[in-house]
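The block underneath contains the structure these notes are about, expressed in structure tokens.
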Amino acid sequence: MEYNKLIAELGIGDEVEGFYLLKAASPRTSNSGKPFLSAVLSDRTGNIEAKVWDYSGPVGAKDEGSVVKVRGSVSEFRGSPQMTVARIRVAQEGDRYNLGDLVPVAPVDREAAYRELLAVVDGMADPDYAAISRRMLEKYGERFCMIPGGKSVHHSFLNGLLMHTLYMVRTAGYLAELYAEVIDRDLLLAGTLLHDIAKCDEFVTSPLGLVTEYSVKGQLLGHLVMGAQEVAAAARELGVPEEKSVLLQHLLLSHHGEPEFGAAVRPMCAESELLSLIDLIDSRMEIYAETLEEVPSGEFSKRVFALDKKLFQHR
């Protein structure tokens with residue numbers, strides 16, 4: 001019996017026990033009239049079909065997206081590995097498993113990253129932009145640190161939004177100094193810090209925090225508009241001058257650059273222009289990183305939909 005063996009390493013004949021993500025679960029009935037559960041188990045390395053014979057629950061479709069503990073054996077079915085599960089239950093409080101083995105997690109220290117962002121806010125010279133940033137982090141901090149940065153295109157792993165924001169804030173701080181003659185540093189930093197924070201309300205997530213779909217409000221308004229609304233509300237509560245509130249809202253509404261890419265308005269001040277470019281840089285570099293990780297040196301990737309081209313791995 002092997003414990004918590006990664007799915008990519010499973011072989012025919014393996015007897016396994018451990019924790020996996022229940023990616024799909026469908027109660028069915030066999031030709032002989034007996035109930036069984038057809039499921040897909042997954043971890044960060046892949047998926048495997050699974051069958052729980054003579055089984056009518058309690059684990060079922062309602063538990064999709066949850067961590068389950070299973071015991072079973074691996075066999076071959078129609079040329080592919082399949083696990084026959086003897087025992088299955090939803091993970092309980094006190095169970096020990098490594099979340100990073102089950103789902104992709106950002107390669108950053110979550111607590112250290114959040115402390116770094118708080119330090120950036122504390123270092124702002126403008127008390128109004130600092131106050132709005134602090135208020136928004138107080139509201140969304142825990143979820144902001146946990147959720148992915150997207151559903152599939154880039155940073156679609158746990159803590160992805162935190163990583164994306166951290167890297168952008170670091171870039172913004174450097175470029176604000178480089179272009180100090182045209183950039184209000186604190187406005188740029190506040191806009192960068194808050195540009196995607198409304199994804200906390202835009203996304204619907206699984207029990208583990210992965211994005212499963214978009215909320216009704218997220219589909220009707222989107223995180224740019226929702227973020228601007230939150231900034232406006234915070235500014236009113238804090239007594240921030242309307243001019244500063246409007247400028248910060250503009251950064252959030254325009255950070256996708258052009259309407260064809262989802263921007264509500266085009267960037268019309270230096271800080272909004274720079275923010276849209278920083279966002280583009282970080283998102284594209286992550287797409288390169290995620291794509292090229294699977295491409296052998298000297299070869300091209302398949303066409304990447306988000307970039308509309310193939311990528312070359314030269315390393």
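In the structure tokens, the first chain shown is A, the next is B, and so on; residue numbers restart at 1 for each chain, and ligands run from 1 in the order shown.
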As a ChimeraX atom specification, please: every residue in stretch 70-210 of chain A that a backbone DSSP assignment puts in helix (DSSP H, G or I).
/A:99-102,110-122,127-146,160-178,185-194,199-202
With only C-alpha atoms counted and 12 Å as the cut-off, give the residues of stretch 201-240 of chain A in contact with stretch 22-41 of chain A, each with its shortest interatomic distance in Å and the pair that gives it, as a Markdown table.
```
| residue | atom | partner | partner_atom | distance |
| --- | --- | --- | --- | --- |
| A:Ser206 | CA | A:Lys23 | CA | 10.3 |
| A:Pro207 | CA | A:Leu22 | CA | 10.9 |
| A:Leu208 | CA | A:Leu22 | CA | 10.8 |
| A:Leu210 | CA | A:Lys23 | CA | 11.3 |
| A:Thr212 | CA | A:Lys23 | CA | 11.1 |
```
Residues flagged strand (DSSP E) by DSSP in stretch 32-236 of chain A, as an mmCIF file with N, CA and C atoms, in the first residue's frame:
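New file out_31.cif:
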```cif
data_model
loop_
_atom_site.group_PDB
_atom_site.id
_atom_site.type_symbol
_atom_site.label_atom_id
_atom_site.label_comp_id
_atom_site.auth_asym_id
_atom_site.auth_seq_id
_atom_site.Cartn_x
_atom_site.Cartn_y
_atom_site.Cartn_z
ATOM 1 N N PRO A 35 -26.209 0.485 -7.601
ATOM 2 C CA PRO A 35 -25.663 1.849 -7.659
ATOM 3 C C PRO A 35 -24.140 1.839 -7.615
ATOM 4 N N PHE A 36 -23.533 2.825 -8.288
ATOM 5 C CA PHE A 36 -22.093 3.028 -8.183
ATOM 6 C C PHE A 36 -21.784 4.497 -8.418
ATOM 7 N N LEU A 37 -20.586 4.891 -8.058
ATOM 8 C CA LEU A 37 -20.157 6.277 -8.238
ATOM 9 C C LEU A 37 -19.067 6.323 -9.287
ATOM 10 N N SER A 38 -19.297 7.081 -10.345
ATOM 11 C CA SER A 38 -18.268 7.333 -11.352
ATOM 12 C C SER A 38 -17.641 8.684 -11.033
ATOM 13 N N ALA A 39 -16.321 8.701 -10.885
ATOM 14 C CA ALA A 39 -15.665 9.922 -10.413
ATOM 15 C C ALA A 39 -14.374 10.181 -11.169
ATOM 16 N N VAL A 40 -13.892 11.397 -11.009
ATOM 17 C CA VAL A 40 -12.559 11.769 -11.482
ATOM 18 C C VAL A 40 -11.808 12.332 -10.289
ATOM 19 N N LEU A 41 -10.659 11.732 -9.996
ATOM 20 C CA LEU A 41 -9.785 12.217 -8.938
ATOM 21 C C LEU A 41 -8.639 12.975 -9.566
ATOM 22 N N SER A 42 -8.149 13.981 -8.884
ATOM 23 C CA SER A 42 -7.060 14.770 -9.461
ATOM 24 C C SER A 42 -6.106 15.250 -8.380
ATOM 25 N N ASP A 43 -4.916 15.612 -8.807
ATOM 26 C CA ASP A 43 -3.964 16.353 -7.975
ATOM 27 C C ASP A 43 -3.214 17.281 -8.909
ATOM 28 N N GLY A 46 -2.221 15.593 -12.414
ATOM 29 C CA GLY A 46 -3.122 15.035 -13.419
ATOM 30 C C GLY A 46 -4.413 14.504 -12.845
ATOM 31 N N ASN A 47 -5.132 13.720 -13.665
ATOM 32 C CA ASN A 47 -6.433 13.170 -13.306
ATOM 33 C C ASN A 47 -6.440 11.661 -13.501
ATOM 34 N N ILE A 48 -7.347 10.992 -12.815
ATOM 35 C CA ILE A 48 -7.568 9.572 -13.049
ATOM 36 C C ILE A 48 -9.043 9.266 -12.853
ATOM 37 N N GLU A 49 -9.599 8.458 -13.777
ATOM 38 C CA GLU A 49 -10.980 8.003 -13.625
ATOM 39 C C GLU A 49 -11.044 7.047 -12.441
ATOM 40 N N ALA A 50 -12.173 7.069 -11.738
ATOM 41 C CA ALA A 50 -12.335 6.199 -10.575
ATOM 42 C C ALA A 50 -13.765 5.667 -10.531
ATOM 43 N N LYS A 51 -13.896 4.453 -10.028
ATOM 44 C CA LYS A 51 -15.209 3.839 -9.853
ATOM 45 C C LYS A 51 -15.326 3.308 -8.424
ATOM 46 N N VAL A 52 -16.472 3.594 -7.802
ATOM 47 C CA VAL A 52 -16.771 3.057 -6.479
ATOM 48 C C VAL A 52 -17.997 2.168 -6.660
ATOM 49 N N VAL A 67 -11.786 17.798 -1.068
ATOM 50 C CA VAL A 67 -10.728 16.813 -0.894
ATOM 51 C C VAL A 67 -11.345 15.548 -0.312
ATOM 52 N N VAL A 68 -10.998 14.399 -0.868
ATOM 53 C CA VAL A 68 -11.497 13.131 -0.363
ATOM 54 C C VAL A 68 -10.329 12.214 -0.036
ATOM 55 N N LYS A 69 -10.552 11.350 0.940
ATOM 56 C CA LYS A 69 -9.581 10.307 1.244
ATOM 57 C C LYS A 69 -10.083 9.015 0.625
ATOM 58 N N VAL A 70 -9.226 8.339 -0.123
ATOM 59 C CA VAL A 70 -9.630 7.113 -0.808
ATOM 60 C C VAL A 70 -8.634 6.001 -0.532
ATOM 61 N N ARG A 71 -9.125 4.776 -0.672
ATOM 62 C CA ARG A 71 -8.274 3.592 -0.696
ATOM 63 C C ARG A 71 -8.715 2.767 -1.889
ATOM 64 N N GLY A 72 -7.768 2.367 -2.722
ATOM 65 C CA GLY A 72 -8.164 1.630 -3.911
ATOM 66 C C GLY A 72 -6.987 1.029 -4.642
ATOM 67 N N SER A 73 -7.280 0.478 -5.797
ATOM 68 C CA SER A 73 -6.253 -0.152 -6.632
ATOM 69 C C SER A 73 -6.369 0.367 -8.055
ATOM 70 N N VAL A 74 -5.239 0.386 -8.743
ATOM 71 C CA VAL A 74 -5.183 0.919 -10.106
ATOM 72 C C VAL A 74 -5.146 -0.233 -11.098
ATOM 73 N N SER A 75 -6.034 -0.179 -12.069
ATOM 74 C CA SER A 75 -6.069 -1.172 -13.144
ATOM 75 C C SER A 75 -6.141 -0.438 -14.477
ATOM 76 N N GLU A 76 -6.246 -1.185 -15.541
ATOM 77 C CA GLU A 76 -6.331 -0.575 -16.871
ATOM 78 C C GLU A 76 -7.716 -0.802 -17.441
ATOM 79 N N PHE A 77 -8.292 0.259 -17.992
ATOM 80 C CA PHE A 77 -9.601 0.161 -18.615
ATOM 81 C C PHE A 77 -9.583 0.919 -19.930
ATOM 82 N N SER A 80 -6.426 3.007 -20.530
ATOM 83 C CA SER A 80 -6.059 4.080 -19.607
ATOM 84 C C SER A 80 -6.162 3.584 -18.167
ATOM 85 N N PRO A 81 -5.351 4.173 -17.261
ATOM 86 C CA PRO A 81 -5.438 3.784 -15.847
ATOM 87 C C PRO A 81 -6.795 4.161 -15.257
ATOM 88 N N GLN A 82 -7.288 3.319 -14.390
ATOM 89 C CA GLN A 82 -8.540 3.590 -13.684
ATOM 90 C C GLN A 82 -8.401 3.064 -12.263
ATOM 91 N N MET A 83 -8.907 3.811 -11.303
ATOM 92 C CA MET A 83 -8.830 3.377 -9.918
ATOM 93 C C MET A 83 -10.170 2.777 -9.477
ATOM 94 N N THR A 84 -10.093 1.602 -8.944
ATOM 95 C CA THR A 84 -11.254 0.996 -8.302
ATOM 96 C C THR A 84 -11.160 1.309 -6.822
ATOM 97 N N VAL A 85 -12.118 2.066 -6.336
ATOM 98 C CA VAL A 85 -12.062 2.586 -4.966
ATOM 99 C C VAL A 85 -12.837 1.674 -4.029
ATOM 100 N N ALA A 86 -12.164 1.247 -2.974
ATOM 101 C CA ALA A 86 -12.805 0.406 -1.966
ATOM 102 C C ALA A 86 -13.435 1.236 -0.857
ATOM 103 N N ARG A 87 -12.791 2.356 -0.530
ATOM 104 C CA ARG A 87 -13.301 3.233 0.522
ATOM 105 C C ARG A 87 -13.117 4.680 0.105
ATOM 106 N N ILE A 88 -14.079 5.511 0.434
ATOM 107 C CA ILE A 88 -13.979 6.937 0.104
ATOM 108 C C ILE A 88 -14.753 7.741 1.138
ATOM 109 N N ARG A 89 -14.192 8.866 1.529
ATOM 110 C CA ARG A 89 -14.878 9.804 2.426
ATOM 111 C C ARG A 89 -14.333 11.198 2.185
ATOM 112 N N VAL A 90 -15.131 12.194 2.519
ATOM 113 C CA VAL A 90 -14.686 13.586 2.434
ATOM 114 C C VAL A 90 -13.682 13.846 3.552
ATOM 115 N N PHE A 203 -15.372 36.301 -8.675
ATOM 116 C CA PHE A 203 -15.205 34.861 -8.811
ATOM 117 C C PHE A 203 -16.080 34.085 -7.832
ATOM 118 N N VAL A 204 -16.542 32.942 -8.276
ATOM 119 C CA VAL A 204 -17.118 31.926 -7.406
ATOM 120 C C VAL A 204 -16.080 30.821 -7.310
ATOM 121 N N THR A 205 -15.752 30.409 -6.097
ATOM 122 C CA THR A 205 -14.663 29.459 -5.920
ATOM 123 C C THR A 205 -15.140 28.162 -5.270
ATOM 124 N N VAL A 211 -11.193 28.860 -8.892
ATOM 125 C CA VAL A 211 -12.314 29.522 -9.551
ATOM 126 C C VAL A 211 -13.131 28.500 -10.333
ATOM 127 N N THR A 212 -14.429 28.446 -10.061
ATOM 128 C CA THR A 212 -15.317 27.537 -10.779
ATOM 129 C C THR A 212 -16.185 28.265 -11.801
ATOM 130 N N GLU A 213 -16.559 29.491 -11.482
ATOM 131 C CA GLU A 213 -17.381 30.280 -12.387
ATOM 132 C C GLU A 213 -17.352 31.744 -11.931
ATOM 133 N N TYR A 214 -18.131 32.571 -12.634
ATOM 134 C CA TYR A 214 -18.234 33.980 -12.275
ATOM 135 C C TYR A 214 -19.572 34.244 -11.595
#
```
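With only C-alpha atoms as the atoms that count, the minimum distance from A:Pro296 to the choices A:Arg266, A:His314, A:Arg284, A:Lys309 is reached by A:His314.
As for atom CA of A:Lys310 and atom CA of A:Gly100, they are spaced 28.9 Å apart.
Atom CA of A:Ala233 is positioned 12.3 Å from atom CA of A:Lys139.
Across A:Arg236, A:Gly150, A:Glu299, A:Ala113, the tightest approach to A:Arg135 is made by A:Arg236 when counting only C-alpha atoms.
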